[in-house]
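**Q** My file is coords-v3.pdb. It has PDB, C-alpha atoms:
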ATOM      1  CA  MET A   1      97.745 140.552 -67.410  1.00  0.00           C
ATOM      2  CA  GLU A   2      98.434 144.061 -68.579  1.00  0.00           C
ATOM      3  CA  LEU A   3     101.145 145.891 -66.674  1.00  0.00           C
ATOM      4  CA  LYS A   4     100.244 149.140 -64.934  1.00  0.00           C
ATOM      5  CA  THR A   5     103.558 150.631 -66.044  1.00  0.00           C
ATOM      6  CA  LYS A   6     103.903 151.973 -69.587  1.00  0.00           C
ATOM      7  CA  VAL A   7     107.162 152.726 -71.330  1.00  0.00           C
ATOM      8  CA  HIS A   8     107.237 154.766 -74.503  1.00  0.00           C
ATOM      9  CA  ALA A   9     110.480 154.738 -76.501  1.00  0.00           C
ATOM     10  CA  ASP A  10     110.577 156.110 -80.047  1.00  0.00           C
ATOM     11  CA  ASN A  11     113.079 154.602 -82.466  1.00  0.00           C
ATOM     12  CA  SER A  12     116.477 156.337 -82.660  1.00  0.00           C
ATOM     13  CA  LYS A  13     115.626 158.867 -79.959  1.00  0.00           C
ATOM     14  CA  GLN A  14     117.629 159.414 -76.803  1.00  0.00           C
ATOM     15  CA  ASP A  15     114.783 159.618 -74.315  1.00  0.00           C
ATOM     16  CA  ILE A  16     112.005 157.485 -72.844  1.00  0.00           C
ATOM     17  CA  LEU A  17     108.733 158.157 -71.102  1.00  0.00           C
ATOM     18  CA  ILE A  18     107.647 155.941 -68.209  1.00  0.00           C
ATOM     19  CA  THR A  19     104.139 156.378 -66.807  1.00  0.00           C
ATOM     20  CA  ARG A  20     102.402 154.667 -63.949  1.00  0.00           C
ATOM     21  CA  GLU A  21      99.186 155.161 -62.027  1.00  0.00           C
ATOM     22  CA  PHE A  22      99.319 154.385 -58.319  1.00  0.00           C
ATOM     23  CA  ASP A  23      96.741 153.291 -55.844  1.00  0.00           C
ATOM     24  CA  LEU A  24      98.180 155.938 -53.499  1.00  0.00           C
ATOM     25  CA  PRO A  25      97.243 159.514 -52.572  1.00  0.00           C
ATOM     26  CA  LEU A  26      99.561 162.044 -54.242  1.00  0.00           C
ATOM     27  CA  GLU A  27     101.302 163.018 -50.960  1.00  0.00           C
ATOM     28  CA  LEU A  28     102.152 159.401 -50.219  1.00  0.00           C
ATOM     29  CA  LEU A  29     103.523 158.812 -53.729  1.00  0.00           C
ATOM     30  CA  PHE A  30     105.754 161.862 -53.322  1.00  0.00           C
ATOM     31  CA  ARG A  31     106.872 160.643 -49.880  1.00  0.00           C
ATOM     32  CA  ALA A  32     107.953 157.351 -51.464  1.00  0.00           C
ATOM     33  CA  TYR A  33     110.596 159.424 -53.261  1.00  0.00           C
ATOM     34  CA  THR A  34     111.607 161.700 -50.403  1.00  0.00           C
ATOM     35  CA  ASP A  35     111.337 159.664 -47.183  1.00  0.00           C
ATOM     36  CA  PRO A  36     114.590 157.642 -46.871  1.00  0.00           C
ATOM     37  CA  GLU A  37     112.829 154.866 -44.978  1.00  0.00           C
ATOM     38  CA  ILE A  38     110.261 154.279 -47.743  1.00  0.00           C
ATOM     39  CA  VAL A  39     112.920 154.630 -50.471  1.00  0.00           C
ATOM     40  CA  GLU A  40     114.995 151.925 -48.772  1.00  0.00           C
ATOM     41  CA  HIS A  41     111.982 149.611 -48.756  1.00  0.00           C
ATOM     42  CA  TRP A  42     111.016 149.785 -52.397  1.00  0.00           C
ATOM     43  CA  MET A  43     114.427 150.342 -53.954  1.00  0.00           C
ATOM     44  CA  SER A  44     115.929 147.589 -51.735  1.00  0.00           C
ATOM     45  CA  THR A  45     118.888 149.877 -51.224  1.00  0.00           C
ATOM     46  CA  LYS A  46     120.578 151.832 -48.462  1.00  0.00           C
ATOM     47  CA  VAL A  47     120.089 155.591 -48.594  1.00  0.00           C
ATOM     48  CA  LEU A  48     123.427 157.247 -47.829  1.00  0.00           C
ATOM     49  CA  LYS A  49     122.189 160.734 -48.611  1.00  0.00           C
ATOM     50  CA  LEU A  50     118.856 162.255 -49.624  1.00  0.00           C
ATOM     51  CA  ASP A  51     118.884 166.015 -49.507  1.00  0.00           C
ATOM     52  CA  ASN A  52     115.425 167.022 -50.759  1.00  0.00           C
ATOM     53  CA  ARG A  53     116.005 170.543 -52.098  1.00  0.00           C
ATOM     54  CA  PRO A  54     117.239 172.200 -55.296  1.00  0.00           C
ATOM     55  CA  HIS A  55     120.994 171.551 -55.662  1.00  0.00           C
ATOM     56  CA  GLY A  56     120.763 168.890 -52.978  1.00  0.00           C
ATOM     57  CA  GLY A  57     122.305 165.520 -53.665  1.00  0.00           C
ATOM     58  CA  TYR A  58     121.373 161.905 -53.102  1.00  0.00           C
ATOM     59  CA  GLN A  59     123.305 158.669 -52.996  1.00  0.00           C
ATOM     60  CA  PHE A  60     122.118 155.050 -52.767  1.00  0.00           C
ATOM     61  CA  GLU A  61     124.150 151.935 -52.100  1.00  0.00           C
ATOM     62  CA  THR A  62     123.137 148.310 -52.532  1.00  0.00           C
ATOM     63  CA  SER A  63     125.138 145.538 -50.855  1.00  0.00           C
ATOM     64  CA  HIS A  64     124.929 141.803 -51.073  1.00  0.00           C
ATOM     65  CA  ASP A  65     126.639 139.642 -48.432  1.00  0.00           C
ATOM     66  CA  GLY A  66     128.539 142.657 -47.136  1.00  0.00           C
ATOM     67  CA  GLN A  67     129.882 143.549 -50.564  1.00  0.00           C
ATOM     68  CA  VAL A  68     128.848 146.760 -52.311  1.00  0.00           C
ATOM     69  CA  MET A  69     127.170 145.751 -55.583  1.00  0.00           C
ATOM     70  CA  PHE A  70     125.788 149.009 -56.773  1.00  0.00           C
ATOM     71  CA  ARG A  71     126.048 152.686 -55.966  1.00  0.00           C
ATOM     72  CA  ALA A  72     124.155 155.503 -57.611  1.00  0.00           C
ATOM     73  CA  ASN A  73     123.992 159.232 -57.043  1.00  0.00           C
ATOM     74  CA  GLY A  74     122.543 162.402 -58.445  1.00  0.00           C
ATOM     75  CA  VAL A  75     121.661 166.028 -57.819  1.00  0.00           C
ATOM     76  CA  TYR A  76     118.263 167.733 -57.638  1.00  0.00           C
ATOM     77  CA  HIS A  77     117.789 170.640 -59.968  1.00  0.00           C
ATOM     78  CA  GLU A  78     114.142 171.313 -59.236  1.00  0.00           C
ATOM     79  CA  PHE A  79     112.261 170.169 -56.194  1.00  0.00           C
ATOM     80  CA  VAL A  80     108.590 171.171 -55.966  1.00  0.00           C
ATOM     81  CA  PRO A  81     106.777 169.093 -53.299  1.00  0.00           C
ATOM     82  CA  ASN A  82     103.925 166.938 -54.661  1.00  0.00           C
ATOM     83  CA  LYS A  83     104.516 168.244 -58.175  1.00  0.00           C
ATOM     84  CA  LYS A  84     107.911 167.898 -59.703  1.00  0.00           C
ATOM     85  CA  ILE A  85     111.454 166.632 -59.302  1.00  0.00           C
ATOM     86  CA  THR A  86     114.169 167.271 -61.872  1.00  0.00           C
ATOM     87  CA  ARG A  87     117.342 165.356 -61.104  1.00  0.00           C
ATOM     88  CA  THR A  88     120.371 163.659 -62.540  1.00  0.00           C
ATOM     89  CA  PHE A  89     121.035 159.960 -62.031  1.00  0.00           C
ATOM     90  CA  GLU A  90     124.390 158.285 -62.374  1.00  0.00           C
ATOM     91  CA  MET A  91     125.565 154.761 -61.655  1.00  0.00           C
ATOM     92  CA  GLU A  92     128.989 154.841 -60.054  1.00  0.00           C
ATOM     93  CA  ASN A  93     131.893 152.810 -61.432  1.00  0.00           C
ATOM     94  CA  THR A  94     130.129 152.014 -64.692  1.00  0.00           C
ATOM     95  CA  PRO A  95     130.890 153.248 -68.216  1.00  0.00           C
ATOM     96  CA  PHE A  96     127.378 154.765 -68.421  1.00  0.00           C
ATOM     97  CA  ASP A  97     127.003 158.529 -68.544  1.00  0.00           C
ATOM     98  CA  ALA A  98     124.663 160.376 -66.206  1.00  0.00           C
ATOM     99  CA  GLN A  99     121.026 160.697 -67.264  1.00  0.00           C
ATOM    100  CA  LEU A 100     118.553 163.507 -66.722  1.00  0.00           C
ATOM    101  CA  GLU A 101     115.201 162.661 -65.128  1.00  0.00           C
ATOM    102  CA  PHE A 102     112.034 164.756 -65.066  1.00  0.00           C
ATOM    103  CA  LEU A 103     109.517 163.371 -62.588  1.00  0.00           C
ATOM    104  CA  LYS A 104     105.978 164.727 -62.655  1.00  0.00           C
ATOM    105  CA  PHE A 105     103.587 163.854 -59.832  1.00  0.00           C
ATOM    106  CA  GLU A 106      99.839 164.290 -60.377  1.00  0.00           C
ATOM    107  CA  GLU A 107      96.703 163.702 -58.341  1.00  0.00           C
ATOM    108  CA  LEU A 108      94.030 161.612 -60.054  1.00  0.00           C
ATOM    109  CA  THR A 109      91.563 161.186 -57.170  1.00  0.00           C
ATOM    110  CA  ASP A 110      91.904 161.488 -53.370  1.00  0.00           C
ATOM    111  CA  GLU A 111      93.271 157.968 -53.326  1.00  0.00           C
ATOM    112  CA  THR A 112      95.080 157.638 -56.646  1.00  0.00           C
ATOM    113  CA  SER A 113      97.942 159.414 -58.359  1.00  0.00           C
ATOM    114  CA  LYS A 114     100.101 159.316 -61.453  1.00  0.00           C
ATOM    115  CA  LEU A 115     103.837 159.494 -62.009  1.00  0.00           C
ATOM    116  CA  THR A 116     105.363 160.491 -65.336  1.00  0.00           C
ATOM    117  CA  MET A 117     109.079 159.963 -65.656  1.00  0.00           C
ATOM    118  CA  HIS A 118     110.851 161.475 -68.637  1.00  0.00           C
ATOM    119  CA  VAL A 119     114.419 160.191 -68.863  1.00  0.00           C
ATOM    120  CA  VAL A 120     116.966 161.754 -71.228  1.00  0.00           C
ATOM    121  CA  TYR A 121     120.176 159.889 -72.056  1.00  0.00           C
ATOM    122  CA  ARG A 122     123.358 161.252 -73.577  1.00  0.00           C
ATOM    123  CA  SER A 123     122.778 159.413 -76.868  1.00  0.00           C
ATOM    124  CA  ALA A 124     120.254 157.132 -78.565  1.00  0.00           C
ATOM    125  CA  GLU A 125     122.833 154.328 -78.431  1.00  0.00           C
ATOM    126  CA  LEU A 126     123.218 154.672 -74.673  1.00  0.00           C
ATOM    127  CA  ARG A 127     119.446 154.709 -74.248  1.00  0.00           C
ATOM    128  CA  ASP A 128     119.075 151.490 -76.228  1.00  0.00           C
ATOM    129  CA  GLU A 129     121.841 149.915 -74.200  1.00  0.00           C
ATOM    130  CA  MET A 130     120.055 150.814 -70.963  1.00  0.00           C
ATOM    131  CA  LEU A 131     116.716 149.546 -72.301  1.00  0.00           C
ATOM    132  CA  ARG A 132     118.361 146.289 -73.286  1.00  0.00           C
ATOM    133  CA  MET A 133     120.105 145.712 -69.969  1.00  0.00           C
ATOM    134  CA  PRO A 134     117.301 143.782 -68.246  1.00  0.00           C
ATOM    135  CA  PHE A 135     116.761 141.864 -71.501  1.00  0.00           C
ATOM    136  CA  ALA A 136     120.461 140.971 -71.629  1.00  0.00           C
ATOM    137  CA  ALA A 137     120.441 140.087 -67.931  1.00  0.00           C
ATOM    138  CA  GLY A 138     117.474 137.785 -68.558  1.00  0.00           C
ATOM    139  CA  LEU A 139     119.304 136.163 -71.451  1.00  0.00           C
ATOM    140  CA  ASN A 140     122.427 135.724 -69.334  1.00  0.00           C
ATOM    141  CA  MET A 141     120.387 134.203 -66.561  1.00  0.00           C
ATOM    142  CA  ALA A 142     118.761 131.779 -68.975  1.00  0.00           C
ATOM    143  CA  HIS A 143     122.193 131.027 -70.377  1.00  0.00           C
ATOM    144  CA  ASN A 144     123.677 130.426 -66.923  1.00  0.00           C
ATOM    145  CA  ARG A 145     120.804 128.121 -66.038  1.00  0.00           C
ATOM    146  CA  LEU A 146     121.413 126.232 -69.255  1.00  0.00           C
ATOM    147  CA  GLU A 147     125.117 125.961 -68.435  1.00  0.00           C
ATOM    148  CA  GLU A 148     124.342 124.648 -64.974  1.00  0.00           C
ATOM    149  CA  PHE A 149     121.932 122.166 -66.464  1.00  0.00           C
ATOM    150  CA  VAL A 150     124.500 121.007 -69.007  1.00  0.00           C
ATOM    151  CA  ARG A 151     127.061 120.552 -66.217  1.00  0.00           C
ATOM    152  CA  THR A 152     124.685 118.224 -64.365  1.00  0.00           C
ATOM    153  CA  LEU A 153     124.571 116.064 -67.496  1.00  0.00           C
ATOM    154  CA  LYS A 154     128.308 115.563 -67.523  1.00  0.00           C
TER     155      LYS A 154
ATOM    156  CA  MET B   1     126.526 125.648 -86.375  1.00  0.00           C
ATOM    157  CA  LYS B   2     125.932 128.774 -88.373  1.00  0.00           C
ATOM    158  CA  PHE B   3     126.860 131.980 -86.568  1.00  0.00           C
ATOM    159  CA  ARG B   4     123.739 133.959 -85.695  1.00  0.00           C
ATOM    160  CA  ARG B   5     123.956 137.708 -85.942  1.00  0.00           C
ATOM    161  CA  ASP B   6     122.655 140.050 -83.303  1.00  0.00           C
ATOM    162  CA  VAL B   7     119.347 141.500 -84.519  1.00  0.00           C
ATOM    163  CA  PHE B   8     119.900 144.652 -82.478  1.00  0.00           C
ATOM    164  CA  GLN B   9     123.218 145.240 -84.160  1.00  0.00           C
ATOM    165  CA  ALA B  10     121.464 144.761 -87.483  1.00  0.00           C
ATOM    166  CA  ILE B  11     118.900 147.495 -86.818  1.00  0.00           C
ATOM    167  CA  SER B  12     121.419 149.873 -85.217  1.00  0.00           C
ATOM    168  CA  ASP B  13     122.591 150.933 -88.688  1.00  0.00           C
ATOM    169  CA  PRO B  14     120.565 153.757 -90.318  1.00  0.00           C
ATOM    170  CA  THR B  15     120.979 152.381 -93.879  1.00  0.00           C
ATOM    171  CA  ARG B  16     119.742 148.970 -92.783  1.00  0.00           C
ATOM    172  CA  ARG B  17     116.755 150.565 -91.051  1.00  0.00           C
ATOM    173  CA  ALA B  18     116.012 152.465 -94.276  1.00  0.00           C
ATOM    174  CA  ILE B  19     116.218 149.205 -96.244  1.00  0.00           C
ATOM    175  CA  LEU B  20     113.745 147.580 -93.850  1.00  0.00           C
ATOM    176  CA  VAL B  21     111.309 150.469 -94.290  1.00  0.00           C
ATOM    177  CA  LEU B  22     111.563 150.159 -98.084  1.00  0.00           C
ATOM    178  CA  VAL B  23     111.117 146.398 -98.197  1.00  0.00           C
ATOM    179  CA  ALA B  24     108.315 146.490 -95.604  1.00  0.00           C
ATOM    180  CA  ALA B  25     106.288 148.556 -98.102  1.00  0.00           C
ATOM    181  CA  GLN B  26     106.879 146.092-100.944  1.00  0.00           C
ATOM    182  CA  SER B  27     109.125 143.155-101.809  1.00  0.00           C
ATOM    183  CA  MET B  28     112.049 144.248-103.959  1.00  0.00           C
ATOM    184  CA  THR B  29     115.112 142.957-105.783  1.00  0.00           C
ATOM    185  CA  ALA B  30     118.608 143.875-104.606  1.00  0.00           C
ATOM    186  CA  GLY B  31     118.995 146.159-107.619  1.00  0.00           C
ATOM    187  CA  ALA B  32     115.763 148.035-106.903  1.00  0.00           C
ATOM    188  CA  ILE B  33     116.775 148.464-103.266  1.00  0.00           C
ATOM    189  CA  ALA B  34     120.273 149.690-104.187  1.00  0.00           C
ATOM    190  CA  ALA B  35     118.762 152.252-106.578  1.00  0.00           C
ATOM    191  CA  ASN B  36     117.363 154.065-103.531  1.00  0.00           C
ATOM    192  CA  PHE B  37     120.780 154.690-102.006  1.00  0.00           C
ATOM    193  CA  ASN B  38     123.886 156.611-102.986  1.00  0.00           C
ATOM    194  CA  THR B  39     125.939 153.910-101.322  1.00  0.00           C
ATOM    195  CA  ALA B  40     128.024 151.554-103.496  1.00  0.00           C
ATOM    196  CA  ARG B  41     126.179 148.434-104.633  1.00  0.00           C
ATOM    197  CA  PRO B  42     128.479 145.978-102.747  1.00  0.00           C
ATOM    198  CA  THR B  43     127.798 147.928 -99.526  1.00  0.00           C
ATOM    199  CA  VAL B  44     124.046 147.547-100.037  1.00  0.00           C
ATOM    200  CA  SER B  45     124.566 143.824-100.787  1.00  0.00           C
ATOM    201  CA  ARG B  46     126.456 143.501 -97.521  1.00  0.00           C
ATOM    202  CA  HIS B  47     123.582 145.177 -95.627  1.00  0.00           C
ATOM    203  CA  LEU B  48     121.106 142.814 -97.318  1.00  0.00           C
ATOM    204  CA  GLN B  49     123.238 139.852 -96.332  1.00  0.00           C
ATOM    205  CA  ILE B  50     123.306 140.933 -92.701  1.00  0.00           C
ATOM    206  CA  LEU B  51     119.535 141.552 -92.639  1.00  0.00           C
ATOM    207  CA  THR B  52     118.924 138.151 -94.237  1.00  0.00           C
ATOM    208  CA  GLU B  53     121.273 136.348 -91.845  1.00  0.00           C
ATOM    209  CA  CYS B  54     119.388 137.672 -88.861  1.00  0.00           C
ATOM    210  CA  GLU B  55     116.078 136.819 -90.563  1.00  0.00           C
ATOM    211  CA  LEU B  56     114.702 140.326 -90.749  1.00  0.00           C
ATOM    212  CA  LEU B  57     114.537 139.743 -94.518  1.00  0.00           C
ATOM    213  CA  ASP B  58     113.658 136.576 -96.427  1.00  0.00           C
ATOM    214  CA  GLN B  59     114.908 135.813 -99.941  1.00  0.00           C
ATOM    215  CA  GLU B  60     112.725 134.384-102.676  1.00  0.00           C
ATOM    216  CA  GLN B  61     113.914 133.274-106.116  1.00  0.00           C
ATOM    217  CA  LYS B  62     111.518 134.388-108.874  1.00  0.00           C
ATOM    218  CA  GLY B  63     112.902 133.353-112.269  1.00  0.00           C
ATOM    219  CA  ARG B  64     116.249 135.071-112.606  1.00  0.00           C
ATOM    220  CA  GLU B  65     115.580 137.581-109.851  1.00  0.00           C
ATOM    221  CA  VAL B  66     115.896 137.310-106.081  1.00  0.00           C
ATOM    222  CA  TYR B  67     113.235 139.228-104.175  1.00  0.00           C
ATOM    223  CA  TYR B  68     113.620 140.368-100.591  1.00  0.00           C
ATOM    224  CA  HIS B  69     110.615 140.172 -98.252  1.00  0.00           C
ATOM    225  CA  PHE B  70     110.245 141.772 -94.870  1.00  0.00           C
ATOM    226  CA  ASN B  71     109.770 139.365 -91.946  1.00  0.00           C
ATOM    227  CA  PRO B  72     107.333 141.083 -89.520  1.00  0.00           C
ATOM    228  CA  GLN B  73     107.514 138.199 -87.038  1.00  0.00           C
ATOM    229  CA  LYS B  74     111.229 138.775 -86.470  1.00  0.00           C
ATOM    230  CA  MET B  75     110.617 142.501 -86.141  1.00  0.00           C
ATOM    231  CA  LYS B  76     108.052 141.807 -83.441  1.00  0.00           C
ATOM    232  CA  GLU B  77     110.733 139.970 -81.475  1.00  0.00           C
ATOM    233  CA  VAL B  78     112.786 143.145 -81.684  1.00  0.00           C
ATOM    234  CA  ALA B  79     109.863 145.267 -80.520  1.00  0.00           C
ATOM    235  CA  ASP B  80     109.427 142.939 -77.551  1.00  0.00           C
ATOM    236  CA  PHE B  81     112.962 143.472 -76.320  1.00  0.00           C
ATOM    237  CA  ILE B  82     111.958 146.336 -74.041  1.00  0.00           C
ATOM    238  CA  GLU B  83     109.427 144.126 -72.262  1.00  0.00           C
ATOM    239  CA  PRO B  84     111.920 143.019 -69.561  1.00  0.00           C
ATOM    240  CA  PHE B  85     112.686 146.717 -68.969  1.00  0.00           C
ATOM    241  CA  VAL B  86     108.972 147.510 -68.563  1.00  0.00           C
ATOM    242  CA  LYS B  87     108.574 144.502 -66.267  1.00  0.00           C
ATOM    243  CA  LEU B  88     111.532 145.682 -64.162  1.00  0.00           C
ATOM    244  CA  TRP B  89     109.946 149.092 -63.621  1.00  0.00           C
ATOM    245  CA  ASP B  90     106.512 147.594 -63.027  1.00  0.00           C
ATOM    246  CA  ASP B  91     107.960 145.339 -60.294  1.00  0.00           C
ATOM    247  CA  ARG B  92     109.768 148.323 -58.806  1.00  0.00           C
ATOM    248  CA  PHE B  93     106.619 150.467 -58.775  1.00  0.00           C
ATOM    249  CA  ASN B  94     104.560 147.600 -57.314  1.00  0.00           C
ATOM    250  CA  LYS B  95     107.057 147.520 -54.460  1.00  0.00           C
ATOM    251  CA  LEU B  96     106.813 151.293 -54.097  1.00  0.00           C
ATOM    252  CA  GLU B  97     103.028 151.052 -53.851  1.00  0.00           C
ATOM    253  CA  ALA B  98     103.164 148.282 -51.261  1.00  0.00           C
ATOM    254  CA  ALA B  99     105.865 150.002 -49.189  1.00  0.00           C
ATOM    255  CA  ALA B 100     104.164 153.417 -49.241  1.00  0.00           C
ATOM    256  CA  LYS B 101     100.799 151.929 -48.203  1.00  0.00           C
ATOM    257  CA  LYS B 102     102.333 150.903 -44.877  1.00  0.00           C
ATOM    258  CA  TYR B 103     103.008 154.576 -44.169  1.00  0.00           C
ATOM    259  CA  LYS B 104      99.482 155.704 -44.946  1.00  0.00           C
ATOM    260  CA  ASN B 105      98.547 156.670 -41.426  1.00  0.00           C
ATOM    261  CA  LYS B 106     101.971 157.668 -40.211  1.00  0.00           C
TER     262      LYS B 106
END
Re-express the file's structure as structure tokens.

**A**
Amino acid sequence: MELKTKVHADNSKQDILITREFDLPLELLFRAYTDPEIVEHWMSTKVLKLDNRPHGGYQFETSHDGQVMFRANGVYHEFVPNKKITRTFEMENTPFDAQLEFLKFEELTDETSKLTMHVVYRSAELRDEMLRMPFAAGLNMAHNRLEEFVRTLK
Amino acid sequence: MKFRRDVFQAISDPTRRAILVLVAAQSMTAGAIAANFNTARPTVSRHLQILTECELLDQEQKGREVYYHFNPQKMKEVADFIEPFVKLWDDRFNKLEAAAKKYKNK
């Protein structure tokens, strides 16, 4: 099955373009980014702060078994309801530099909408590292499963 | 077991990417490849060795010469590496869609 999400990444460049069409009216798609309750649902994270205005900040925290696994934050530079969000995104306590995100929200029909996310990284190397992370995680998982399997053979 | 090189490391080098572009257009000998670069011949040989070890290039003996061929299949594996990233975002956006739908009439 073809995925509804498209990612465009040119070789040796430091940015990517993510596009996705939603079976949601434009206002609802925008709310999914600005209503803390909805954000918590789809990001599976706790919203510590979500100040929806230019120069406002946001911070998310994900815990597992009472332990904080992941925290991210950023600042809004532009905030135009139902149209555009320009923000930074940074993962706390990681060696990764902050990234710049341009989010464009568009209406397709009364019931459908489109999101275009342009993400700019500090360098092409960092971008490739970020792109590879889920791939590496998948490999690690496969590797761990293999290790577990090998242990059962002992 | 023979140590396998990381394909991504192999293509992270600009000279090696240039070599791949050259050889993709037509199979060439090491000498013909080296003639396209200002780099010292042993450096080019080293790049060719790395690209061959990670199977992005294949070697073929033709008489006294060794020709390098481009291996598109291996390159496809490299192109596919962003698929888990795309899948991650697709899953995330599917969740967004499902979560937001619950708020439709609120």

**Q** Using only C-alpha atoms and a distance of at most 12 Å, pull out the residues of chain B that contact chain A, as an mmCIF file with C-alpha atoms, keeping the file's coordinate frame.

**A**
data_model
loop_
_atom_site.group_PDB
_atom_site.id
_atom_site.type_symbol
_atom_site.label_atom_id
_atom_site.label_comp_id
_atom_site.auth_asym_id
_atom_site.auth_seq_id
_atom_site.Cartn_x
_atom_site.Cartn_y
_atom_site.Cartn_z
ATOM 1 C CA ASP B 6 122.655 140.050 -83.303
ATOM 2 C CA PHE B 8 119.900 144.652 -82.478
ATOM 3 C CA GLN B 9 123.218 145.240 -84.160
ATOM 4 C CA ILE B 11 118.900 147.495 -86.818
ATOM 5 C CA SER B 12 121.419 149.873 -85.217
ATOM 6 C CA ASP B 13 122.591 150.933 -88.688
ATOM 7 C CA PRO B 14 120.565 153.757 -90.318
ATOM 8 C CA ARG B 17 116.755 150.565 -91.051
ATOM 9 C CA GLU B 77 110.733 139.970 -81.475
ATOM 10 C CA VAL B 78 112.786 143.145 -81.684
ATOM 11 C CA ALA B 79 109.863 145.267 -80.520
ATOM 12 C CA ASP B 80 109.427 142.939 -77.551
ATOM 13 C CA PHE B 81 112.962 143.472 -76.320
ATOM 14 C CA ILE B 82 111.958 146.336 -74.041
ATOM 15 C CA GLU B 83 109.427 144.126 -72.262
ATOM 16 C CA PRO B 84 111.920 143.019 -69.561
ATOM 17 C CA PHE B 85 112.686 146.717 -68.969
ATOM 18 C CA VAL B 86 108.972 147.510 -68.563
ATOM 19 C CA LYS B 87 108.574 144.502 -66.267
ATOM 20 C CA LEU B 88 111.532 145.682 -64.162
ATOM 21 C CA TRP B 89 109.946 149.092 -63.621
ATOM 22 C CA ASP B 90 106.512 147.594 -63.027
ATOM 23 C CA ASP B 91 107.960 145.339 -60.294
ATOM 24 C CA ARG B 92 109.768 148.323 -58.806
ATOM 25 C CA PHE B 93 106.619 150.467 -58.775
ATOM 26 C CA ASN B 94 104.560 147.600 -57.314
ATOM 27 C CA LYS B 95 107.057 147.520 -54.460
ATOM 28 C CA LEU B 96 106.813 151.293 -54.097
ATOM 29 C CA GLU B 97 103.028 151.052 -53.851
ATOM 30 C CA ALA B 98 103.164 148.282 -51.261
ATOM 31 C CA ALA B 99 105.865 150.002 -49.189
ATOM 32 C CA ALA B 100 104.164 153.417 -49.241
ATOM 33 C CA LYS B 101 100.799 151.929 -48.203
ATOM 34 C CA LYS B 102 102.333 150.903 -44.877
ATOM 35 C CA TYR B 103 103.008 154.576 -44.169
ATOM 36 C CA LYS B 104 99.482 155.704 -44.946
ATOM 37 C CA ASN B 105 98.547 156.670 -41.426
ATOM 38 C CA LYS B 106 101.971 157.668 -40.211
#

**Q** Need to verify the contact set: range 96-106 of chain A, 10 Å, all atoms listed in the file, exclusion of same-chain residues closer than 5 positions in sequence. Can you return it as a tab-separated table (two decimals) with C-alpha atoms, in the coordinates of the input?

**A**
chain	number	residue	atom	x	y	z
A	15	ASP	CA	114.78	159.62	-74.32
A	16	ILE	CA	112.00	157.49	-72.84
A	17	LEU	CA	108.73	158.16	-71.10
A	18	ILE	CA	107.65	155.94	-68.21
A	19	THR	CA	104.14	156.38	-66.81
A	21	GLU	CA	99.19	155.16	-62.03
A	25	PRO	CA	97.24	159.51	-52.57
A	26	LEU	CA	99.56	162.04	-54.24
A	27	GLU	CA	101.30	163.02	-50.96
A	29	LEU	CA	103.52	158.81	-53.73
A	30	PHE	CA	105.75	161.86	-53.32
A	72	ALA	CA	124.16	155.50	-57.61
A	73	ASN	CA	123.99	159.23	-57.04
A	74	GLY	CA	122.54	162.40	-58.44
A	75	VAL	CA	121.66	166.03	-57.82
A	76	TYR	CA	118.26	167.73	-57.64
A	77	HIS	CA	117.79	170.64	-59.97
A	78	GLU	CA	114.14	171.31	-59.24
A	79	PHE	CA	112.26	170.17	-56.19
A	80	VAL	CA	108.59	171.17	-55.97
A	81	PRO	CA	106.78	169.09	-53.30
A	82	ASN	CA	103.92	166.94	-54.66
A	83	LYS	CA	104.52	168.24	-58.18
A	84	LYS	CA	107.91	167.90	-59.70
A	85	ILE	CA	111.45	166.63	-59.30
A	86	THR	CA	114.17	167.27	-61.87
A	87	ARG	CA	117.34	165.36	-61.10
A	88	THR	CA	120.37	163.66	-62.54
A	89	PHE	CA	121.04	159.96	-62.03
A	90	GLU	CA	124.39	158.28	-62.37
A	91	MET	CA	125.56	154.76	-61.66
A	112	THR	CA	95.08	157.64	-56.65
A	113	SER	CA	97.94	159.41	-58.36
A	114	LYS	CA	100.10	159.32	-61.45
A	115	LEU	CA	103.84	159.49	-62.01
A	116	THR	CA	105.36	160.49	-65.34
A	117	MET	CA	109.08	159.96	-65.66
A	118	HIS	CA	110.85	161.48	-68.64
A	119	VAL	CA	114.42	160.19	-68.86
A	120	VAL	CA	116.97	161.75	-71.23
A	121	TYR	CA	120.18	159.89	-72.06
A	122	ARG	CA	123.36	161.25	-73.58
A	123	SER	CA	122.78	159.41	-76.87
A	126	LEU	CA	123.22	154.67	-74.67
A	127	ARG	CA	119.45	154.71	-74.25
A	129	GLU	CA	121.84	149.92	-74.20
A	130	MET	CA	120.06	150.81	-70.96

**Q** What gap, in Å, lies between CA of Thr94 in chain A and CA of Gln59 in chain A?

**A**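 It comes out at 15.1 Å.
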
**Q** Out of B:Met75, B:Leu51, B:Val44, B:Val7, which residue has the shortest atom-to-atom distance to Ala32 in chain B when counting all atoms listed in the file?

**A**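 Distance minimum relative to Ala32 in chain B lands on B:Val44.
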
**Q** Mind giving me the straight-line distance from CA of Val21 in chain B to CA of Arg64 in chain B in Å, one decimal?

**A**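 For CA of Val21 in chain B relative to CA of Arg64 in chain B, the distance reads 24.4 Å.
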
**Q** Figure out the distance between CA of Pro95 in chain A and CA of Glu61 in chain A, please, to one decimal in Å.

**A**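 Pair CA of Glu61 in chain A / CA of Pro95 in chain A returns 17.5 Å.
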
**Q** May I have the residues within 10 Å of Gly31 in chain B as a count of residues only, using all atoms listed in the file and disregarding those fewer than 5 positions away in the same chain?

**A** 7

**Q** Pick out the residues sitting within 12 Å of Gln49 in chain B, and hand them over as an MDAnalysis selection string; count all atoms listed in the file, and ignore anything fewer than 5 positions along from it in its own chain.

**A** chainID B and resid 5 10 16 19 30 42:44 54:59 68

**Q** Using all atoms listed in the file, find the one residue out of B:Ile33, B:Arg46, B:Thr39, B:Ala24 that sits nearest to Phe70 in chain B.

**A**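 Distance minimum relative to Phe70 in chain B lands on B:Ala24.
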